[in-house]
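> work_16.cif is reproduced below (mmCIF, C-alpha atoms).
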data_structure
#
loop_
_atom_site.label_atom_id
_atom_site.label_comp_id
_atom_site.auth_asym_id
_atom_site.auth_seq_id
_atom_site.Cartn_x
_atom_site.Cartn_y
_atom_site.Cartn_z
CA MET A 1 0.00 0.00 0.00
CA LEU A 2 2.84 2.34 0.92
CA GLY A 3 4.65 1.55 -2.30
CA HIS A 4 1.57 2.38 -4.31
CA THR A 5 1.16 5.66 -2.45
CA THR A 6 4.81 6.55 -3.05
CA ARG A 7 4.48 5.86 -6.75
CA SER A 8 1.38 8.04 -6.86
CA LEU A 9 3.19 10.84 -5.11
CA PHE A 10 6.10 10.54 -7.56
CA HIS A 11 3.60 10.75 -10.44
CA VAL A 12 1.94 13.81 -8.93
CA ARG A 13 5.30 15.44 -8.34
CA GLU A 14 6.42 14.73 -11.89
CA TYR A 15 3.24 16.22 -13.33
CA ALA A 16 3.36 19.23 -11.00
CA MET A 17 7.01 19.97 -11.70
CA SER A 18 6.43 19.74 -15.45
CA SER A 19 3.51 22.16 -15.23
CA ILE A 20 5.41 24.55 -12.97
CA ILE A 21 8.49 24.54 -15.21
CA ASN A 22 6.24 25.13 -18.21
CA ALA A 23 4.73 28.09 -16.36
CA VAL A 24 8.24 29.42 -15.70
CA HIS A 25 9.07 29.16 -19.39
CA THR A 26 5.84 30.99 -20.20
CA ALA A 27 6.61 33.72 -17.68
CA VAL A 28 10.15 34.10 -19.04
CA SER A 29 8.75 34.51 -22.56
CA GLY A 30 6.45 37.13 -21.08
CA LEU A 31 9.44 38.93 -19.58
CA ASN A 32 11.19 38.87 -22.97
CA ALA A 33 8.06 40.13 -24.74
CA GLN A 34 7.58 43.01 -22.30
CA SER A 35 11.29 43.85 -22.61
CA HIS A 36 10.78 44.00 -26.36
CA ALA A 37 7.80 46.31 -25.90
CA PHE A 38 9.84 48.44 -23.50
CA THR A 39 12.56 48.76 -26.18
CA ASP A 40 10.03 49.86 -28.81
CA LEU A 41 8.47 52.39 -26.46
CA SER A 42 11.80 53.79 -25.33
CA ASN A 43 12.86 54.15 -28.98
CA ASN A 44 9.66 56.06 -29.77
CA ILE A 45 10.12 58.33 -26.77
CA ALA A 46 13.80 58.93 -27.55
CA ASN A 47 12.87 59.95 -31.13
CA SER A 48 9.92 62.13 -30.23
CA GLN A 49 11.78 65.15 -31.64
CA THR A 50 13.41 63.40 -34.61
CA THR A 51 12.40 64.85 -37.99
CA GLY A 52 10.54 62.34 -40.15
CA TYR A 53 10.65 59.56 -37.52
CA LYS A 54 7.83 57.02 -37.75
CA ALA A 55 6.82 55.56 -34.41
CA SER A 56 6.45 51.78 -34.16
CA THR A 57 4.18 49.60 -32.04
CA THR A 58 4.59 46.17 -30.44
CA SER A 59 2.37 43.24 -31.37
CA PHE A 60 2.09 40.18 -29.12
CA GLU A 61 1.26 36.64 -30.21
CA ASP A 62 0.98 33.37 -28.32
CA TYR A 63 2.55 30.06 -29.26
CA VAL A 64 0.42 26.93 -28.96
CA THR A 65 2.04 23.51 -28.53
CA ASN A 66 0.66 20.02 -28.14
CA ASN A 67 1.54 19.30 -24.55
CA GLU A 68 1.89 15.60 -23.92
CA LEU A 69 0.45 16.04 -20.47
CA ALA A 70 -2.78 17.40 -21.91
CA ASN A 71 -5.61 15.24 -23.12
CA ASP A 72 -5.54 14.12 -26.73
CA GLY A 73 -6.82 16.74 -29.11
CA GLU A 74 -6.24 19.55 -26.62
CA SER A 75 -3.53 22.17 -26.85
CA LEU A 76 -1.95 24.54 -24.42
CA SER A 77 -0.53 28.02 -24.96
CA ASP A 78 2.84 28.04 -23.26
CA SER A 79 4.69 31.15 -24.50
CA VAL A 80 4.33 34.61 -26.00
CA ALA A 81 6.40 36.52 -28.55
CA ALA A 82 6.60 40.20 -29.41
CA THR A 83 7.26 41.74 -32.81
CA THR A 84 7.83 45.35 -33.85
CA ARG A 85 5.29 46.80 -36.25
CA GLN A 86 6.37 49.69 -38.47
CA HIS A 87 3.96 52.46 -39.34
CA THR A 88 5.84 54.35 -42.03
CA ASP A 89 2.53 55.27 -43.66
CA ASN A 90 1.49 57.42 -40.70
CA GLN A 91 1.48 61.14 -41.43
CA GLY A 92 3.45 63.38 -39.09
CA MET A 93 2.48 66.94 -38.31
CA VAL A 94 3.96 69.50 -40.72
CA THR A 95 5.50 72.48 -38.93
CA THR A 96 7.31 75.59 -40.12
CA SER A 97 11.11 75.52 -40.05
CA THR A 98 13.69 78.29 -39.98
CA ASN A 99 15.46 76.36 -42.76
CA SER A 100 14.20 77.74 -46.08
CA THR A 101 15.39 74.65 -48.00
CA ALA A 102 13.52 72.18 -45.75
CA LEU A 103 10.68 70.18 -47.32
CA ALA A 104 7.80 68.28 -45.73
CA ILE A 105 5.74 65.60 -47.47
CA SER A 106 2.00 65.31 -46.90
CA GLY A 107 1.10 61.98 -48.49
CA ASN A 108 2.59 58.56 -49.18
CA GLY A 109 5.82 59.52 -50.93
CA PHE A 110 9.46 59.32 -49.88
CA PHE A 111 12.51 61.34 -50.91
CA ASN A 112 15.11 59.45 -52.95
CA VAL A 113 18.50 59.67 -51.21
CA VAL A 114 21.95 58.06 -51.18
CA GLN A 115 24.78 57.95 -48.67
CA ALA A 116 28.40 58.98 -48.97
CA THR A 117 30.89 56.13 -48.64
CA GLY A 118 33.95 58.36 -48.34
CA GLN A 119 35.64 61.48 -49.69
CA SER A 120 37.89 62.09 -52.67
CA ASN A 121 41.19 63.96 -52.49
CA ASP A 122 39.45 67.28 -53.16
CA SER A 123 37.02 66.59 -50.26
CA THR A 124 34.02 65.96 -52.50
CA PRO A 125 31.88 63.00 -51.34
CA VAL A 126 32.13 59.56 -52.86
CA LEU A 127 28.52 58.44 -53.11
CA GLY A 128 27.32 54.87 -52.73
CA THR A 129 25.05 52.98 -55.11
CA GLN A 130 22.54 51.76 -52.51
CA GLN A 131 19.19 53.49 -52.95
CA TYR A 132 17.55 54.79 -49.78
CA TYR A 133 14.22 56.45 -49.08
CA THR A 134 13.40 58.91 -46.32
CA ARG A 135 10.80 61.33 -44.97
CA ASN A 136 13.46 63.50 -43.34
CA GLY A 137 13.26 66.54 -45.61
CA ASP A 138 15.39 68.86 -43.47
CA PHE A 139 17.83 69.54 -46.35
CA SER A 140 20.53 72.18 -46.56
CA GLN A 141 23.49 72.78 -48.85
CA ASP A 142 26.92 71.50 -47.89
CA LYS A 143 30.19 73.17 -48.92
CA ASN A 144 30.07 71.48 -52.33
CA GLY A 145 26.50 72.60 -53.06
CA TYR A 146 24.87 69.20 -52.46
CA LEU A 147 21.51 69.04 -50.69
CA VAL A 148 22.02 66.91 -47.57
CA ASN A 149 19.56 66.20 -44.75
CA THR A 150 20.33 66.17 -41.04
CA SER A 151 21.00 62.41 -41.17
CA GLY A 152 23.69 62.84 -43.83
CA TYR A 153 21.70 61.55 -46.81
CA TYR A 154 22.11 63.22 -50.21
CA LEU A 155 18.93 64.21 -52.05
CA GLU A 156 18.37 62.91 -55.59
CA GLY A 157 16.27 64.30 -58.40
CA TYR A 158 16.23 65.12 -62.09
CA ASN A 159 18.96 67.65 -62.84
CA VAL A 160 18.97 70.27 -65.58
CA ASP A 161 21.83 69.84 -68.05
CA ALA A 162 24.11 72.87 -67.74
CA THR A 163 24.85 72.87 -71.48
CA SER A 164 21.48 72.18 -73.08
CA GLY A 165 19.27 73.50 -70.28
CA THR A 166 16.99 70.46 -70.55
CA LEU A 167 15.71 68.42 -67.60
CA GLY A 168 17.26 64.97 -67.23
CA THR A 169 15.29 61.72 -67.06
CA SER A 170 17.40 59.70 -64.61
CA LEU A 171 17.92 60.23 -60.89
CA SER A 172 21.18 61.74 -59.67
CA VAL A 173 22.28 63.72 -56.63
CA ILE A 174 21.28 67.38 -56.70
CA GLN A 175 24.21 69.78 -56.63
CA VAL A 176 23.95 73.55 -57.03
CA PRO A 177 27.50 74.95 -56.77
CA SER A 178 28.12 78.65 -56.20
CA THR A 179 29.84 78.75 -59.59
CA ILE A 180 26.66 77.86 -61.47
CA ALA A 181 26.29 79.97 -64.60
CA PHE A 182 23.25 82.08 -65.39
CA ARG A 183 21.46 80.94 -68.55
CA PRO A 184 20.29 83.85 -70.72
CA THR A 185 16.55 84.33 -70.56
CA GLU A 186 14.33 83.61 -73.53
CA SER A 187 14.14 86.46 -76.05
CA THR A 188 10.63 87.75 -76.62
CA LYS A 189 11.32 91.16 -78.16
CA LEU A 190 14.00 92.71 -80.38
CA THR A 191 14.49 96.46 -80.51
CA ALA A 192 15.92 98.16 -83.59
CA THR A 193 17.47 101.64 -83.38
CA GLY A 194 19.43 103.89 -85.73
CA THR A 195 18.97 105.84 -88.96
CA LEU A 196 18.59 104.41 -92.43
CA ASP A 197 20.63 106.19 -95.11
CA SER A 198 18.08 107.29 -97.67
CA SER A 199 20.74 107.05 -100.37
CA SER A 200 21.39 103.36 -99.68
CA LYS A 201 19.63 100.49 -101.40
CA THR A 202 19.99 97.83 -98.68
CA VAL A 203 20.98 97.83 -95.02
CA ASP A 204 21.50 94.80 -92.79
CA MET A 205 21.27 94.49 -89.01
CA SER A 206 21.68 91.48 -86.70
CA THR A 207 21.67 90.45 -83.05
CA THR A 208 21.83 87.39 -80.84
CA ALA A 209 18.59 85.92 -79.48
CA TYR A 210 18.08 83.04 -77.02
CA ASP A 211 15.55 80.23 -76.78
CA SER A 212 13.92 78.88 -73.59
CA THR A 213 17.01 76.80 -72.74
CA GLY A 214 19.39 79.73 -73.12
CA THR A 215 20.76 78.53 -76.47
CA ALA A 216 21.92 81.40 -78.68
CA SER A 217 20.91 82.03 -82.30
CA THR A 218 21.76 84.86 -84.68
CA VAL A 219 18.86 86.87 -86.11
CA ASP A 220 19.66 88.65 -89.39
CA LEU A 221 17.22 91.20 -90.83
CA SER A 222 17.64 93.13 -94.07
CA TRP A 223 16.23 96.52 -95.18
CA ALA A 224 15.55 97.13 -98.89
CA LYS A 225 14.58 100.53 -100.30
CA VAL A 226 11.38 100.72 -102.36
CA ASP A 227 11.07 104.52 -102.80
CA ASP A 228 11.95 107.70 -100.91
CA THR A 229 9.62 106.93 -97.98
CA THR A 230 9.09 103.18 -98.30
CA TRP A 231 11.34 100.29 -97.33
CA THR A 232 10.81 96.56 -96.75
CA ILE A 233 12.23 94.63 -93.84
CA SER A 234 12.67 90.86 -94.07
CA ASP A 235 14.29 87.84 -92.47
CA VAL A 236 17.51 87.03 -94.35
CA ASP A 237 16.99 83.29 -93.78
CA ASN A 238 13.30 83.46 -94.78
CA PRO A 239 12.59 86.41 -97.11
CA SER A 240 8.87 85.61 -97.13
CA ASN A 241 8.76 86.81 -93.51
CA ALA A 242 8.66 90.48 -94.44
CA ALA A 243 6.78 93.76 -94.05
CA THR A 244 6.54 97.13 -95.79
CA VAL A 245 7.59 100.09 -93.62
CA LYS A 246 6.38 103.62 -94.38
CA PHE A 247 8.30 106.63 -93.03
CA ASP A 248 6.98 110.14 -92.46
CA SER A 249 8.41 112.38 -95.16
CA THR A 250 8.86 115.26 -92.71
CA THR A 251 10.14 113.66 -89.49
CA GLY A 252 11.60 110.44 -90.91
CA ALA A 253 9.82 108.42 -88.22
CA VAL A 254 8.04 105.12 -88.91
CA SER A 255 4.41 105.86 -89.75
CA SER A 256 3.08 102.36 -90.54
CA VAL A 257 4.08 98.72 -90.90
CA THR A 258 2.24 96.46 -93.36
CA PRO A 259 2.93 92.70 -93.27
CA LEU A 260 3.65 91.00 -96.60
CA ASN A 261 2.21 87.58 -97.39
CA SER A 262 4.16 84.71 -98.96
CA THR A 263 3.57 86.12 -102.47
CA GLY A 264 4.92 89.52 -101.52
CA THR A 265 1.52 91.18 -101.55
CA SER A 266 0.81 93.69 -98.83
CA GLY A 267 -1.81 92.86 -96.27
CA THR A 268 -3.80 95.23 -94.14
CA THR A 269 -1.89 98.37 -93.21
CA THR A 270 -1.47 98.75 -89.47
CA SER A 271 -0.67 101.71 -87.27
CA SER A 272 1.85 99.57 -85.40
CA THR A 273 5.56 100.26 -85.51
CA SER A 274 6.47 96.59 -84.98
CA PHE A 275 7.51 93.77 -87.27
CA GLU A 276 6.50 90.21 -86.34
CA TYR A 277 9.52 87.96 -86.78
CA THR A 278 8.67 84.25 -87.10
CA GLY A 279 12.08 82.61 -87.53
CA SER A 280 14.63 80.95 -85.28
CA PRO A 281 14.92 80.61 -82.30
CA GLN A 282 11.23 81.54 -81.90
CA ALA A 283 8.66 84.10 -82.96
CA MET A 284 9.44 87.57 -81.59
CA THR A 285 8.24 91.12 -81.97
CA VAL A 286 10.76 93.54 -83.52
CA SER A 287 10.17 97.11 -82.39
CA LEU A 288 10.93 99.59 -85.19
CA SER A 289 9.96 102.78 -83.38
CA GLY A 290 13.63 103.59 -82.85
CA ILE A 291 14.37 103.55 -86.59
CA THR A 292 14.33 106.80 -88.59
CA LEU A 293 14.98 107.65 -92.23
CA GLY A 294 17.64 110.26 -92.88
CA SER A 295 20.41 111.43 -95.13
CA SER A 296 23.93 110.06 -95.29
CA THR A 297 25.20 112.95 -93.16
CA ASP A 298 23.08 112.12 -90.14
CA SER A 299 22.75 108.36 -90.50
CA THR A 300 23.87 105.89 -87.84
CA ALA A 301 23.89 102.26 -88.81
CA PRO A 302 20.74 100.47 -87.55
CA THR A 303 21.36 97.95 -84.78
CA MET A 304 19.20 95.46 -82.84
CA THR A 305 19.21 94.37 -79.23
CA SER A 306 17.41 91.51 -77.50
CA ASP A 307 15.41 91.82 -74.29
CA SER A 308 17.22 88.72 -72.91
CA VAL A 309 19.03 89.03 -69.60
CA THR A 310 22.41 87.48 -70.25
CA SER A 311 24.33 87.74 -66.99
CA GLY A 312 23.81 87.23 -63.29
CA THR A 313 25.67 86.12 -60.15
CA PHE A 314 24.42 83.16 -58.12
CA SER A 315 22.96 84.19 -54.76
CA GLY A 316 21.30 81.03 -53.41
CA ILE A 317 18.62 78.40 -53.96
CA SER A 318 14.91 78.19 -53.30
CA MET A 319 12.46 75.29 -53.16
CA GLU A 320 9.06 75.20 -54.86
CA THR A 321 5.98 73.22 -53.89
CA ASP A 322 6.05 71.30 -57.20
CA GLY A 323 9.51 69.92 -56.36
CA SER A 324 11.45 72.45 -58.40
CA VAL A 325 14.88 73.46 -57.09
CA MET A 326 15.59 77.00 -58.28
CA ALA A 327 18.90 78.84 -58.45
CA THR A 328 18.44 82.52 -57.61
CA PHE A 329 20.62 85.30 -59.02
CA ASP A 330 21.37 88.90 -58.11
CA ASN A 331 19.53 90.12 -61.20
CA GLY A 332 16.23 89.03 -59.64
CA TYR A 333 15.77 85.96 -61.82
CA SER A 334 15.44 82.32 -60.75
CA GLN A 335 16.20 79.33 -62.96
CA LEU A 336 15.31 75.66 -62.65
CA VAL A 337 18.30 73.48 -61.76
CA ALA A 338 16.57 70.27 -60.63
CA LYS A 339 13.20 68.63 -60.03
CA ILE A 340 12.47 66.47 -56.99
CA PRO A 341 10.24 63.39 -57.49
CA LEU A 342 8.64 61.29 -54.74
CA THR A 343 8.69 57.49 -54.56
CA THR A 344 5.80 55.33 -53.35
CA PHE A 345 5.47 51.66 -52.40
CA ALA A 346 2.57 49.21 -52.40
CA ASP A 347 3.31 48.37 -48.75
CA PRO A 348 5.51 51.04 -47.16
CA ASN A 349 5.22 49.34 -43.75
CA SER A 350 7.33 46.48 -45.11
CA LEU A 351 10.31 48.68 -45.94
CA SER A 352 13.54 47.80 -44.18
CA ALA A 353 14.44 50.46 -41.62
CA GLN A 354 18.00 51.83 -41.71
CA ASN A 355 19.92 54.37 -39.64
CA GLY A 356 18.89 58.01 -39.85
CA GLN A 357 15.17 57.66 -40.64
CA ALA A 358 15.94 55.94 -43.94
CA TYR A 359 14.58 52.79 -45.55
CA THR A 360 15.44 50.33 -48.27
CA ALA A 361 13.00 48.44 -50.48
CA THR A 362 12.16 44.79 -49.81
CA SER A 363 10.27 42.12 -51.71
CA GLN A 364 7.35 42.65 -49.32
CA SER A 365 7.25 46.45 -49.80
CA GLY A 366 6.97 46.14 -53.57
CA SER A 367 9.02 47.90 -56.22
CA PRO A 368 9.61 51.65 -55.89
CA GLN A 369 7.34 53.78 -58.08
CA ILE A 370 8.76 57.21 -58.92
CA ASN A 371 6.14 59.94 -59.28
CA ALA A 372 5.97 63.66 -59.81
CA VAL A 373 4.90 65.63 -56.75
CA ASN A 374 1.14 65.50 -56.14
CA THR A 375 0.51 62.57 -58.50
CA ASN A 376 -0.53 58.96 -57.80
CA GLY A 377 -0.87 59.58 -54.07
CA ALA A 378 2.77 60.60 -53.68
CA GLY A 379 1.68 63.69 -51.79
CA THR A 380 2.33 67.40 -51.76
CA LEU A 381 5.36 69.36 -50.60
CA THR A 382 5.42 72.21 -48.11
CA THR A 383 8.49 74.42 -48.39
CA GLY A 384 10.36 75.80 -45.39
CA SER A 385 8.76 73.08 -43.26
CA ILE A 386 9.52 69.70 -41.71
CA GLU A 387 7.47 66.63 -40.85
CA GLU A 388 7.55 65.96 -37.12
CA SER A 389 7.93 62.57 -35.43
CA THR A 390 4.73 60.54 -35.16
CA THR A 391 5.53 59.57 -31.56
CA ASP A 392 2.53 59.98 -29.24
CA LEU A 393 4.28 60.81 -25.97
CA THR A 394 1.14 60.64 -23.84
CA GLY A 395 0.06 57.32 -25.31
CA ASP A 396 3.52 55.78 -25.13
CA LEU A 397 4.03 56.83 -21.51
CA SER A 398 0.72 55.15 -20.65
CA LYS A 399 1.81 51.99 -22.50
CA LEU A 400 5.10 52.16 -20.62
CA ILE A 401 3.22 51.88 -17.32
CA VAL A 402 1.24 48.91 -18.66
CA ALA A 403 4.45 47.20 -19.83
CA GLN A 404 6.03 47.79 -16.42
CA GLN A 405 3.04 46.23 -14.65
CA ALA A 406 3.01 43.26 -17.04
CA TYR A 407 6.74 42.76 -16.55
CA GLY A 408 6.28 42.82 -12.76
CA ALA A 409 3.42 40.32 -12.99
CA ASN A 410 5.61 37.92 -14.96
CA THR A 411 8.39 38.19 -12.37
CA LYS A 412 5.75 37.36 -9.74
CA VAL A 413 4.91 34.20 -11.70
CA VAL A 414 8.58 33.18 -11.70
CA SER A 415 8.98 33.76 -7.94
CA THR A 416 5.71 31.94 -7.20
CA ALA A 417 6.74 29.02 -9.40
CA ASP A 418 10.01 28.82 -7.47
CA GLN A 419 8.09 28.51 -4.21
CA LEU A 420 5.81 25.85 -5.73
CA LEU A 421 8.84 23.87 -6.95
CA GLN A 422 10.33 23.94 -3.46
CA THR A 423 7.04 22.73 -2.00
CA THR A 424 6.69 20.00 -4.62
CA LEU A 425 10.23 18.73 -4.11
CA ALA A 426 9.53 18.41 -0.40
CA MET A 427 6.41 16.31 -0.96
CA ILE A 428 8.00 12.91 -0.36
CA GLN A 429 10.98 13.83 1.72
#
What would you get if you wrote out this structure as structure tokens?


Amino acid sequence: MLGHTTRSLFHVREYAMSSIINAVHTAVSGLNAQSHAFTDLSNNIANSQTTGYKASTTSFEDYVTNNELANDGESLSDSVAATTRQHTDNQGMVTTSTNSTALAISGNGFFNVVQATGQSNDSTPVLGTQQYYTRNGDFSQDKNGYLVNTSGYYLEGYNVDATSGTLGTSLSVIQVPSTIAFRPTESTKLTATGTLDSSSKTVDMSTTAYDSTGTASTVDLSWAKVDDTTWTISDVDNPSNAATVKFDSTTGAVSSVTPLNSTGTSGTTTSSTSFEYTGSPQAMTVSLSGITLGSSTDSTAPTMTSDSVTSGTFSGISMETDGSVMATFDNGYSQLVAKIPLTTFADPNSLSAQNGQAYTATSQSGSPQINAVNTNGAGTLTTGSIEESTTDLTGDLSKLIVAQQAYGANTKVVSTADQLLQTTLAMIQ
């Protein structure tokens, strides 16, 4: 009888110890899970003032195993695990910054950025090939004219070719050096001045005009005498672009300009003193009010000037809400030097987080889709502003108290289990 009782006690002790040890393992997993939550919360709180930071949350899940001590077909939950959940799609509050080149995104897009891997002998950065994405738009110019954010990432965009003045189609780092040259502005009007020699048969005049990209072209116009008070003016390269000019016989001033059609026939006489030029680099108005008809003794050769502004000294850069990066000059003009696109992902919460509020694409996030600002949900830009951290200090501090209480409860389970083990071991002593 005693032997049977002893065996029963051994069986009870074995079952009890297994259950208690299992409870200890469960409590330890709870301690690890709450420690994980504490890490996530402390990271959120630490980055509450970090530009473009996206707060994360902690998700808990239980593990269910088939415990051999349970009845067949039953299962017991004997541990818990914690995982960090990113929320990169959460919108942070946009606030005004003292940095005029700062940009804030309101939408789903990310800035395209790269990191420097070193420096060359002339101290210019050596840029890496890894593509990163960020919401930290607190950009400013470094000593080389690159736009760099506070985490050290270099902004990419579509740059304007310095020679052709056209916007590129592939991403590259944006650099606006202080030595950037001013591109002449597009010519819209030519002004002719001087005196035609009434004894001459033909007189030529020319000037340089510029198209929208700042490319220069020579405009050649020719005067041909018809009679004492009538001359024609025409484009040397396209003689059909011509007009008849009448001069006042007393003052020598232009009295009327009559366009000629392709057959050389005069159209409707106008009271205008302008000639409409239609050749290269574009159509322009030629003002003739400064031209007079005179004798050889008082004639000065007719000349033309363009209304293009051809020189200017770089004074800084400015950002536009459409993503345009403009170089500003001391002549009051601004010129496009780059265009900033925004990149979106099918699942931005699956991006891989990197140092400095940056991310890299993953197979789960989907391929990057490059969009113009304010298209395809990429979002809008606010200049002179930053996107604040999405950390909710009040909420996270409350969760911190809950995590602390849960951690303490799990330690209580461990200490209680220790007491139970001691009691169980003493059962048959």

> With all atoms listed in the file as the counted atoms, please give the residues lying no more than 9 Å from region 313-318 of chain A, apart from itself and same-chain residues fewer than 6 positions off, as an MDAnalysis selection string.

chainID A and resid 100:101 176:182 324:331 334 383

> Could you check how far CA of Lys54 (chain A) sits from CA of Thr360 (chain A), in Å to one decimal?

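According to the coordinates, CA of Lys54 (chain A) and CA of Thr360 (chain A) are separated by 14.6 Å.
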
> For Gln282 (chain A), which of A:Leu260, A:Val80, A:Val402, A:Ala209 is the closest residue, counting all atoms listed in the file?

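Using all atoms listed in the file, Gln282 (chain A) sits closest to A:Ala209.
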
> Go through A:Ile174, A:Leu293, A:Met284, A:Ala358 one by one, measure the shortest atom-to-atom distance of each to Ser255 (chain A) using all atoms listed in the file, and give the residue with the smallest value.

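Closest to Ser255 (chain A) of all the choices is A:Leu293.
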
> For CA of Val148 (chain A) and CA of Met93 (chain A), quote the distance in Å rounded to one decimal.

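We find that CA of Val148 (chain A) and CA of Met93 (chain A) lie 21.6 Å from each other.
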
> One number please: CA of Ile291 (chain A) to CA of Asp211 (chain A), in Å, one decimal.

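A separation of 25.3 Å between them.
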
> Name the closest residue to Val254 (chain A) among the candidates A:Leu196, A:Val64, A:Ala301, A:Ala216; distances are taken between atoms, counting only C-alpha atoms.

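Smallest separation from Val254 (chain A) among the options: A:Leu196.
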
> Of the residues A:Pro239, A:Gly152, A:Gly52, A:Pro184, which is the one nearest to Ser140 (chain A), using only C-alpha atoms?

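Once distances to Ser140 (chain A) are computed over only C-alpha atoms, the minimum belongs to A:Gly152.
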
> Given the block above, output region 333-355 of chain A with C-alpha atoms as a tab-separated table (two decimals), in the first residue's frame.


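out.tsv written:
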chain	number	residue	atom	x	y	z
A	333	TYR	CA	15.77	85.96	-61.82
A	334	SER	CA	15.44	82.32	-60.75
A	335	GLN	CA	16.20	79.33	-62.96
A	336	LEU	CA	15.31	75.66	-62.65
A	337	VAL	CA	18.30	73.48	-61.76
A	338	ALA	CA	16.57	70.27	-60.63
A	339	LYS	CA	13.20	68.63	-60.03
A	340	ILE	CA	12.47	66.47	-56.99
A	341	PRO	CA	10.24	63.39	-57.49
A	342	LEU	CA	8.64	61.29	-54.74
A	343	THR	CA	8.69	57.49	-54.56
A	344	THR	CA	5.80	55.33	-53.35
A	345	PHE	CA	5.47	51.66	-52.40
A	346	ALA	CA	2.57	49.21	-52.40
A	347	ASP	CA	3.31	48.37	-48.75
A	348	PRO	CA	5.51	51.04	-47.16
A	349	ASN	CA	5.22	49.34	-43.75
A	350	SER	CA	7.33	46.48	-45.11
A	351	LEU	CA	10.31	48.68	-45.94
A	352	SER	CA	13.54	47.80	-44.18
A	353	ALA	CA	14.44	50.46	-41.62
A	354	GLN	CA	18.00	51.83	-41.71
A	355	ASN	CA	19.92	54.37	-39.64
